[in-house]
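Please read the structure below before turning to the comments.
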Amino acid sequence: MNATKACPRVPLRRWWLRVLLALPLTASLTTTGCTNSNAGPTPSTAAAAAVAKSEAAADATAVPVASVPDNGPLPHIDAKRAFEYTRQVTAFGPRYMGNDAHKKLERYIVDHLKGDQVENDDFTADTVEGKFPVHNIIAKFPGKKDGIIAILGHYDTNYPLRNIGYVGANDGGSSTAILLEFANQLRGKIRDGYSVWLVWTDGEEAVKNWSDTDSLYGTRHLAEKWEKDGTLKKIKALMVMDMIAAQDVNILRDNNSTPWLLDLIRSAAERGGYQSHFYALETPMEDDHLPFVKRGVPSADVIDMPYGYNDVFHHTAQDTMDKLDPRSLEIVGNTILETVHLLDQR
Ligand SMILES: [Zn+2]
């Protein structure tokens, strides 16, 4: 895909999207025509720093890809059920930190986790738009092996988009839903492998303009907490689900993620015959994995960008259910559960 891309027209985008459109890219996306004219503060320096940090982290944790083949049955999520969860989550409407719909969604998630081991990471975020309550929800599914595989997905939608009818079906909806379906798959048995922790993260989105201090509220807090209490050392791998339900899903290869973990995810995708949906594009991404990458945790951002031609559905009122496909949830869901199996064997 060497075609020239137009500049984004919507001002309220994550700056990493502007990076995607503005920086010269390696691999498949070789050129873009965007001059970053509406991008506001330039992210390139920060992007370079983030990449440098992640490369350092990646080097520190470099591990060869598992050579042991997985002879077990291929995992299969219930994609129709995951799609229905996405529909129900989206139906709550705008779900920014602290509003009524957000509270209802918190209850909806916790209600789905009855009988599971659930913990909360609650705090107040002091932002440029005032104080917001932030509630990360953690469900723990124990395993016999010593160590944790963490799977994260944000459930908040954007505060700045609260009055435009923005419902975040893909961005916020799909990540919430796939974690609910993962919980269904993990429930009711002690795993033979590592413990799996599912984390519905809050405050992923910026309240005004994406920056190091206005974004990732929930995960910045959680990473610090887990660093202090020793949890981070036990995490074997961390994977972030974000915007994974759009039709004909195309997961980016994120240059801020840990290379061996990305390779392992691709191995898992190949086992399901899904490899054509992975890594056609390559670029650095800023997402909920970054606070963990910066602390040396092997981490991967599993995200589909751009969302619609020229990313037209991203952070717009057009991020609605009709853009999504259960097949995409199936591809990503099965691949990530197979990745968990491959991690168990390491
Ligand atoms: Zn978003």
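Order determines the names: the first chain of the structure tokens is A, the second B, and so forth; residues in each chain are numbered 1 upward, and ligands are numbered 1 upward as they are shown.
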Requested in this report: Compile the contact shell of stretch 88-103 of chain A as a ChimeraX atom specification: residues with an atom at most 6 Å away, counting only C-alpha atoms, same-chain residues fewer than 4 positions apart removed.
Outcome: /A:133,156-159,162,166-167,169,173
Could you write those residues out with all heavy atoms, as an mmCIF file, in the first residue's frame?
```cif
data_model
loop_
_atom_site.group_PDB
_atom_site.id
_atom_site.type_symbol
_atom_site.label_atom_id
_atom_site.label_comp_id
_atom_site.auth_asym_id
_atom_site.auth_seq_id
_atom_site.Cartn_x
_atom_site.Cartn_y
_atom_site.Cartn_z
ATOM 1 N N PRO A 133 -13.208 10.338 38.007
ATOM 2 C CA PRO A 133 -12.983 9.035 38.628
ATOM 3 C C PRO A 133 -12.524 8.031 37.560
ATOM 4 O O PRO A 133 -13.056 8.032 36.447
ATOM 5 C CB PRO A 133 -14.372 8.656 39.162
ATOM 6 C CG PRO A 133 -15.327 9.375 38.273
ATOM 7 C CD PRO A 133 -14.627 10.639 37.806
ATOM 8 N N ASP A 156 -13.608 2.980 28.084
ATOM 9 C CA ASP A 156 -14.075 4.372 28.055
ATOM 10 C C ASP A 156 -14.174 4.876 26.619
ATOM 11 O O ASP A 156 -13.514 4.357 25.717
ATOM 12 C CB ASP A 156 -13.096 5.269 28.828
ATOM 13 C CG ASP A 156 -11.692 5.258 28.208
ATOM 14 O OD1 ASP A 156 -11.126 4.153 28.040
ATOM 15 O OD2 ASP A 156 -11.178 6.344 27.866
ATOM 16 N N THR A 157 -15.001 5.892 26.433
ATOM 17 C CA THR A 157 -15.000 6.632 25.163
ATOM 18 C C THR A 157 -14.556 8.067 25.449
ATOM 19 O O THR A 157 -14.403 8.471 26.601
ATOM 20 C CB THR A 157 -16.370 6.622 24.467
ATOM 21 O OG1 THR A 157 -17.346 7.219 25.336
ATOM 22 C CG2 THR A 157 -16.795 5.220 24.094
ATOM 23 N N ASN A 158 -14.388 8.841 24.372
ATOM 24 C CA ASN A 158 -13.708 10.127 24.465
ATOM 25 C C ASN A 158 -14.589 11.230 25.056
ATOM 26 O O ASN A 158 -15.650 11.547 24.510
ATOM 27 C CB ASN A 158 -13.263 10.575 23.070
ATOM 28 C CG ASN A 158 -12.570 9.474 22.306
ATOM 29 O OD1 ASN A 158 -13.094 8.369 22.166
ATOM 30 N ND2 ASN A 158 -11.391 9.757 21.821
ATOM 31 N N TYR A 159 -14.079 11.849 26.122
ATOM 32 C CA TYR A 159 -14.763 13.000 26.714
ATOM 33 C C TYR A 159 -14.988 14.131 25.701
ATOM 34 O O TYR A 159 -16.092 14.677 25.631
ATOM 35 C CB TYR A 159 -13.947 13.484 27.925
ATOM 36 C CG TYR A 159 -14.514 14.675 28.634
ATOM 37 C CD1 TYR A 159 -15.622 14.556 29.473
ATOM 38 C CD2 TYR A 159 -13.937 15.944 28.477
ATOM 39 C CE1 TYR A 159 -16.143 15.661 30.130
ATOM 40 C CE2 TYR A 159 -14.451 17.050 29.133
ATOM 41 C CZ TYR A 159 -15.554 16.909 29.950
ATOM 42 O OH TYR A 159 -16.063 18.002 30.600
ATOM 43 N N ARG A 162 -18.204 13.842 23.536
ATOM 44 C CA ARG A 162 -19.410 13.448 24.276
ATOM 45 C C ARG A 162 -20.695 14.020 23.689
ATOM 46 O O ARG A 162 -21.765 13.467 23.917
ATOM 47 C CB ARG A 162 -19.283 13.850 25.749
ATOM 48 C CG ARG A 162 -19.231 15.355 25.996
ATOM 49 C CD ARG A 162 -18.732 15.658 27.405
ATOM 50 N NE ARG A 162 -18.609 17.085 27.675
ATOM 51 C CZ ARG A 162 -17.605 17.848 27.229
ATOM 52 N NH1 ARG A 162 -16.666 17.330 26.471
ATOM 53 N NH2 ARG A 162 -17.558 19.140 27.538
ATOM 54 N N TYR A 166 -21.142 10.314 19.570
ATOM 55 C CA TYR A 166 -20.085 9.319 19.408
ATOM 56 C C TYR A 166 -20.319 8.139 20.352
ATOM 57 O O TYR A 166 -20.451 8.330 21.555
ATOM 58 C CB TYR A 166 -18.728 9.958 19.710
ATOM 59 C CG TYR A 166 -17.563 9.003 19.652
ATOM 60 C CD1 TYR A 166 -17.043 8.599 18.428
ATOM 61 C CD2 TYR A 166 -16.982 8.495 20.810
ATOM 62 C CE1 TYR A 166 -15.981 7.732 18.357
ATOM 63 C CE2 TYR A 166 -15.912 7.617 20.754
ATOM 64 C CZ TYR A 166 -15.417 7.241 19.523
ATOM 65 O OH TYR A 166 -14.365 6.370 19.461
ATOM 66 N N VAL A 167 -20.361 6.925 19.799
ATOM 67 C CA VAL A 167 -20.641 5.744 20.627
ATOM 68 C C VAL A 167 -19.495 4.729 20.655
ATOM 69 O O VAL A 167 -19.566 3.746 21.394
ATOM 70 C CB VAL A 167 -21.935 5.030 20.178
ATOM 71 C CG1 VAL A 167 -23.138 5.948 20.405
ATOM 72 C CG2 VAL A 167 -21.849 4.588 18.723
ATOM 73 N N ALA A 169 -18.228 2.161 18.791
ATOM 74 C CA ALA A 169 -18.533 0.728 18.652
ATOM 75 C C ALA A 169 -17.241 -0.083 18.549
ATOM 76 O O ALA A 169 -17.066 -1.096 19.244
ATOM 77 C CB ALA A 169 -19.406 0.500 17.423
ATOM 78 N N GLY A 173 -15.892 -0.217 22.340
ATOM 79 C CA GLY A 173 -16.898 -1.281 22.361
ATOM 80 C C GLY A 173 -16.301 -2.659 22.120
ATOM 81 O O GLY A 173 -16.517 -3.596 22.895
#
```
**Report entry** Near-A:Asn334 list (9 Å; only C-alpha atoms; drop same-chain fewer than 6 positions) as a list in words
**Finding:**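 After dropping sequence-adjacent residues, the list is Leu74, Pro75, His76, Ile77, Ala268, Ala269 and Gly272 of chain A.
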Take the residues just selected and output them with N, CA, C and O atoms as a short mmCIF file (atom, residue, chain, number, x, y, z; two decimals), in the first residue's frame.
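The resulting file, selection_3.cif, is reproduced below:
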```cif
data_model
loop_
_atom_site.label_atom_id
_atom_site.label_comp_id
_atom_site.auth_asym_id
_atom_site.auth_seq_id
_atom_site.Cartn_x
_atom_site.Cartn_y
_atom_site.Cartn_z
N LEU A 74 -7.37 -25.97 18.37
CA LEU A 74 -7.39 -24.52 18.15
C LEU A 74 -8.50 -23.89 18.99
O LEU A 74 -9.60 -24.42 19.04
N PRO A 75 -8.20 -22.80 19.67
CA PRO A 75 -9.25 -22.16 20.45
C PRO A 75 -10.31 -21.53 19.53
O PRO A 75 -10.00 -21.08 18.43
N HIS A 76 -11.53 -21.54 20.01
CA HIS A 76 -12.62 -20.90 19.25
C HIS A 76 -13.49 -20.10 20.19
O HIS A 76 -14.16 -20.67 21.05
N ILE A 77 -13.48 -18.79 20.03
CA ILE A 77 -14.40 -17.97 20.81
C ILE A 77 -15.79 -18.05 20.16
O ILE A 77 -15.93 -18.50 19.01
N ALA A 268 0.64 -17.68 15.99
CA ALA A 268 -0.70 -18.11 16.39
C ALA A 268 -1.70 -17.86 15.27
O ALA A 268 -2.57 -18.70 14.98
N ALA A 269 -1.58 -16.71 14.62
CA ALA A 269 -2.49 -16.38 13.51
C ALA A 269 -2.34 -17.38 12.37
O ALA A 269 -3.32 -17.82 11.77
N GLY A 272 -4.23 -20.56 12.71
CA GLY A 272 -5.65 -20.46 12.40
C GLY A 272 -5.93 -20.10 10.94
O GLY A 272 -7.09 -19.98 10.55
#
```
Query raised in the report: Out of A:Asp311, A:Asp122, A:Glu84, A:Asp78, which residue has the shortest atom-to-atom distance to ligand 1 when counting only C-alpha atoms and all ligand atoms?
Result: A:Asp311
Within 9 Å of ligand 1: each chain A residue with its shortest pair, only C-alpha atoms and all ligand atoms, as JSON lines:
```
{"residue": "A:Arg13", "atom": "CA", "partner": "ligand 1", "partner_atom_place_in_ligand_line": "1 (Zn)", "distance": 7.6}
{"residue": "A:Arg14", "atom": "CA", "partner": "ligand 1", "partner_atom_place_in_ligand_line": "1 (Zn)", "distance": 6.9}
{"residue": "A:Asp156", "atom": "CA", "partner": "ligand 1", "partner_atom_place_in_ligand_line": "1 (Zn)", "distance": 8.8}
{"residue": "A:Thr157", "atom": "CA", "partner": "ligand 1", "partner_atom_place_in_ligand_line": "1 (Zn)", "distance": 6.9}
{"residue": "A:Asn158", "atom": "CA", "partner": "ligand 1", "partner_atom_place_in_ligand_line": "1 (Zn)", "distance": 6.8}
{"residue": "A:Gly168", "atom": "CA", "partner": "ligand 1", "partner_atom_place_in_ligand_line": "1 (Zn)", "distance": 7.8}
{"residue": "A:Asn170", "atom": "CA", "partner": "ligand 1", "partner_atom_place_in_ligand_line": "1 (Zn)", "distance": 8.8}
{"residue": "A:Asp171", "atom": "CA", "partner": "ligand 1", "partner_atom_place_in_ligand_line": "1 (Zn)", "distance": 5.2}
{"residue": "A:Gly172", "atom": "CA", "partner": "ligand 1", "partner_atom_place_in_ligand_line": "1 (Zn)", "distance": 7.1}
{"residue": "A:Glu204", "atom": "CA", "partner": "ligand 1", "partner_atom_place_in_ligand_line": "1 (Zn)", "distance": 7.6}
{"residue": "A:Glu205", "atom": "CA", "partner": "ligand 1", "partner_atom_place_in_ligand_line": "1 (Zn)", "distance": 5.7}
{"residue": "A:Ala206", "atom": "CA", "partner": "ligand 1", "partner_atom_place_in_ligand_line": "1 (Zn)", "distance": 8.4}
{"residue": "A:Asp242", "atom": "CA", "partner": "ligand 1", "partner_atom_place_in_ligand_line": "1 (Zn)", "distance": 8.3}
{"residue": "A:Met243", "atom": "CA", "partner": "ligand 1", "partner_atom_place_in_ligand_line": "1 (Zn)", "distance": 8.1}
{"residue": "A:His314", "atom": "CA", "partner": "ligand 1", "partner_atom_place_in_ligand_line": "1 (Zn)", "distance": 7.2}
{"residue": "A:His315", "atom": "CA", "partner": "ligand 1", "partner_atom_place_in_ligand_line": "1 (Zn)", "distance": 6.0}
```
Save out the residues we just selected, C-alpha atoms, as an mmCIF file, in the first residue's frame.
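Output file again.cif follows:
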```
data_model
loop_
_atom_site.group_PDB
_atom_site.id
_atom_site.type_symbol
_atom_site.label_atom_id
_atom_site.label_comp_id
_atom_site.auth_asym_id
_atom_site.auth_seq_id
_atom_site.Cartn_x
_atom_site.Cartn_y
_atom_site.Cartn_z
ATOM 1 C CA ARG A 13 -7.296 12.186 16.902
ATOM 2 C CA ARG A 14 -4.665 10.381 18.868
ATOM 3 C CA ASP A 156 -14.075 4.372 28.055
ATOM 4 C CA THR A 157 -15.000 6.632 25.163
ATOM 5 C CA ASN A 158 -13.708 10.127 24.465
ATOM 6 C CA GLY A 168 -17.263 4.090 19.935
ATOM 7 C CA ASN A 170 -15.053 -0.324 17.535
ATOM 8 C CA ASP A 171 -13.013 2.049 19.712
ATOM 9 C CA GLY A 172 -14.011 1.043 23.230
ATOM 10 C CA GLU A 204 -7.340 5.395 27.798
ATOM 11 C CA GLU A 205 -8.595 8.315 25.738
ATOM 12 C CA ALA A 206 -7.424 11.915 26.108
ATOM 13 C CA ASP A 242 -8.048 -2.044 20.650
ATOM 14 C CA MET A 243 -10.346 -1.465 17.655
ATOM 15 C CA HIS A 314 -11.964 6.733 13.802
ATOM 16 C CA HIS A 315 -13.059 9.111 16.595
#
```
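Nearest residue to A:Lys80 among A:Ile265, A:Leu216, A:Leu324, A:Ala317 is A:Leu324, counting only C-alpha atoms.
Atom CA of A:Gln185 to atom CA of A:Met285 spans 28.5 Å [interatomic distance, one decimal].
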Query raised in the report: Interatomic distance between atom CA of A:His135 and atom CA of A:Trp200?
Result: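 Result for atom CA of A:His135 versus atom CA of A:Trp200: 8.6 Å, one decimal.
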Query - Residue set, stretch 221-342 of chain A restricted to strand (DSSP E or B), as a VMD selection string - result: chain A and resid 235 to 242 246 251 to 254 278 to 283 299 to 304 324
Report task. State, in Å with one decimal place, the distance from atom CA of A:Leu152 to atom CA of A:Asn71. Result ->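 One can read the atom CA of A:Leu152 to atom CA of A:Asn71 distance as 26.6 Å.
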Find the nearest atom pair between each residue of stretch 71-131 of chain A and stretch 219-222 of chain A for residues within 12 Å, count only C-alpha atoms, give distances in Å to one decimal, sort rows by chain and ascending number, and present the table as a Markdown table.
```
| residue | atom | partner | partner_atom | distance |
| --- | --- | --- | --- | --- |
| A:Glu119 | CA | A:Leu222 | CA | 11.9 |
| A:Asn120 | CA | A:Leu222 | CA | 10.2 |
| A:Asp121 | CA | A:Leu222 | CA | 7.1 |
| A:Asp122 | CA | A:His221 | CA | 9.2 |
| A:Phe123 | CA | A:His221 | CA | 8.4 |
| A:Thr124 | CA | A:His221 | CA | 10.0 |
| A:Ala125 | CA | A:His221 | CA | 9.2 |
| A:Asp126 | CA | A:His221 | CA | 12.0 |
```
What would the file look like if the residues just selected were written as an mmCIF file, in the first residue's frame with all heavy atoms?
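out_34.cif was written with the following content:
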```cif
data_model
loop_
_atom_site.group_PDB
_atom_site.id
_atom_site.type_symbol
_atom_site.label_atom_id
_atom_site.label_comp_id
_atom_site.auth_asym_id
_atom_site.auth_seq_id
_atom_site.Cartn_x
_atom_site.Cartn_y
_atom_site.Cartn_z
ATOM 1 N N GLU A 119 -10.902 -7.613 40.905
ATOM 2 C CA GLU A 119 -10.309 -6.537 41.707
ATOM 3 C C GLU A 119 -10.499 -5.220 40.978
ATOM 4 O O GLU A 119 -10.628 -5.186 39.754
ATOM 5 C CB GLU A 119 -8.814 -6.777 41.909
ATOM 6 C CG GLU A 119 -8.501 -7.844 42.931
ATOM 7 C CD GLU A 119 -7.003 -8.048 43.114
ATOM 8 O OE1 GLU A 119 -6.213 -7.172 42.684
ATOM 9 O OE2 GLU A 119 -6.633 -9.091 43.661
ATOM 10 N N ASN A 120 -10.503 -4.148 41.747
ATOM 11 C CA ASN A 120 -10.628 -2.825 41.140
ATOM 12 C C ASN A 120 -9.376 -2.004 41.413
ATOM 13 O O ASN A 120 -8.750 -2.155 42.453
ATOM 14 C CB ASN A 120 -11.847 -2.093 41.711
ATOM 15 C CG ASN A 120 -13.123 -2.857 41.447
ATOM 16 O OD1 ASN A 120 -13.419 -3.210 40.318
ATOM 17 N ND2 ASN A 120 -13.862 -3.136 42.504
ATOM 18 N N ASP A 121 -9.036 -1.183 40.466
ATOM 19 C CA ASP A 121 -7.976 -0.200 40.656
ATOM 20 C C ASP A 121 -8.630 1.162 40.431
ATOM 21 O O ASP A 121 -8.819 1.590 39.289
ATOM 22 C CB ASP A 121 -6.843 -0.461 39.649
ATOM 23 C CG ASP A 121 -5.789 0.627 39.680
ATOM 24 O OD1 ASP A 121 -5.506 1.151 40.780
ATOM 25 O OD2 ASP A 121 -5.261 0.981 38.602
ATOM 26 N N ASP A 122 -9.031 1.807 41.535
ATOM 27 C CA ASP A 122 -9.805 3.050 41.468
ATOM 28 C C ASP A 122 -8.972 4.227 41.955
ATOM 29 O O ASP A 122 -8.276 4.114 42.967
ATOM 30 C CB ASP A 122 -11.055 2.948 42.366
ATOM 31 C CG ASP A 122 -11.990 1.824 41.948
ATOM 32 O OD1 ASP A 122 -11.964 1.451 40.758
ATOM 33 O OD2 ASP A 122 -12.739 1.329 42.811
ATOM 34 N N PHE A 123 -9.092 5.330 41.260
ATOM 35 C CA PHE A 123 -8.407 6.554 41.699
ATOM 36 C C PHE A 123 -9.047 7.750 40.988
ATOM 37 O O PHE A 123 -9.941 7.573 40.155
ATOM 38 C CB PHE A 123 -6.902 6.477 41.395
ATOM 39 C CG PHE A 123 -6.572 6.424 39.923
ATOM 40 C CD1 PHE A 123 -6.158 7.560 39.238
ATOM 41 C CD2 PHE A 123 -6.683 5.235 39.212
ATOM 42 C CE1 PHE A 123 -5.853 7.509 37.880
ATOM 43 C CE2 PHE A 123 -6.384 5.170 37.858
ATOM 44 C CZ PHE A 123 -5.972 6.318 37.198
ATOM 45 N N THR A 124 -8.605 8.931 41.354
ATOM 46 C CA THR A 124 -9.106 10.143 40.709
ATOM 47 C C THR A 124 -8.005 10.730 39.835
ATOM 48 O O THR A 124 -6.885 10.931 40.301
ATOM 49 C CB THR A 124 -9.536 11.180 41.765
ATOM 50 O OG1 THR A 124 -10.549 10.588 42.586
ATOM 51 C CG2 THR A 124 -10.091 12.432 41.110
ATOM 52 N N ALA A 125 -8.333 10.974 38.578
ATOM 53 C CA ALA A 125 -7.363 11.574 37.668
ATOM 54 C C ALA A 125 -7.563 13.085 37.661
ATOM 55 O O ALA A 125 -8.690 13.570 37.500
ATOM 56 C CB ALA A 125 -7.549 11.016 36.259
ATOM 57 N N ASP A 126 -6.465 13.800 37.831
ATOM 58 C CA ASP A 126 -6.497 15.258 37.785
ATOM 59 C C ASP A 126 -6.092 15.671 36.371
ATOM 60 O O ASP A 126 -4.943 15.476 35.979
ATOM 61 C CB ASP A 126 -5.508 15.805 38.824
ATOM 62 C CG ASP A 126 -5.865 17.216 39.250
ATOM 63 O OD1 ASP A 126 -6.763 17.814 38.617
ATOM 64 O OD2 ASP A 126 -5.243 17.709 40.207
#
```
Report task. Considering only C-alpha atoms, return as a VMD selection string whatever protein or nucleic-acid residues lie within 9 Å of A:Arg271, sequence-local ones (same chain, fewer than 4 positions apart) excluded. Result -> chain A and resid 70 74 266 to 267 275 335 338
**Report entry** Among the residues A:Tyr194, A:Phe313, A:Phe292, A:Tyr279, the one that comes closest to A:Leu342 [using only C-alpha atoms]
**Finding:** A:Tyr194
Requested in this report: Find, counting only C-alpha atoms, the residue in A:Gly143, A:Pro298, A:Gly188, A:Gly130 that gets nearest to A:Lys208.
Outcome: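 The shortest atom-to-atom distance to A:Lys208 comes from A:Gly130.
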Report task. Just the helix (DSSP H, G or I) stuff from stretch 99-323 of chain A, please, per backbone DSSP, written as a ChimeraX atom specification. Result -> /A:100-112,159-161,169-186,217-228,231-234,259-272,275-277,290-293,309-311,321-323
Requested in this report: Find, counting only C-alpha atoms, the residue in A:Leu281, A:Leu161, A:Leu261, A:Leu113 that gets nearest to A:Ala139.
Outcome: A:Leu113
Query - Surrounding residues of A:Ser276 excluding itself and chain neighbours under 3 positions, 10 Å, only C-alpha atoms, as a list in words - result: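 Near A:Ser276, the qualifying residues are Asp248, Val249, Asn250, Ile251, Arg266, Ala269, Glu270, Gly273, Tyr279 and Ala280 of chain A.
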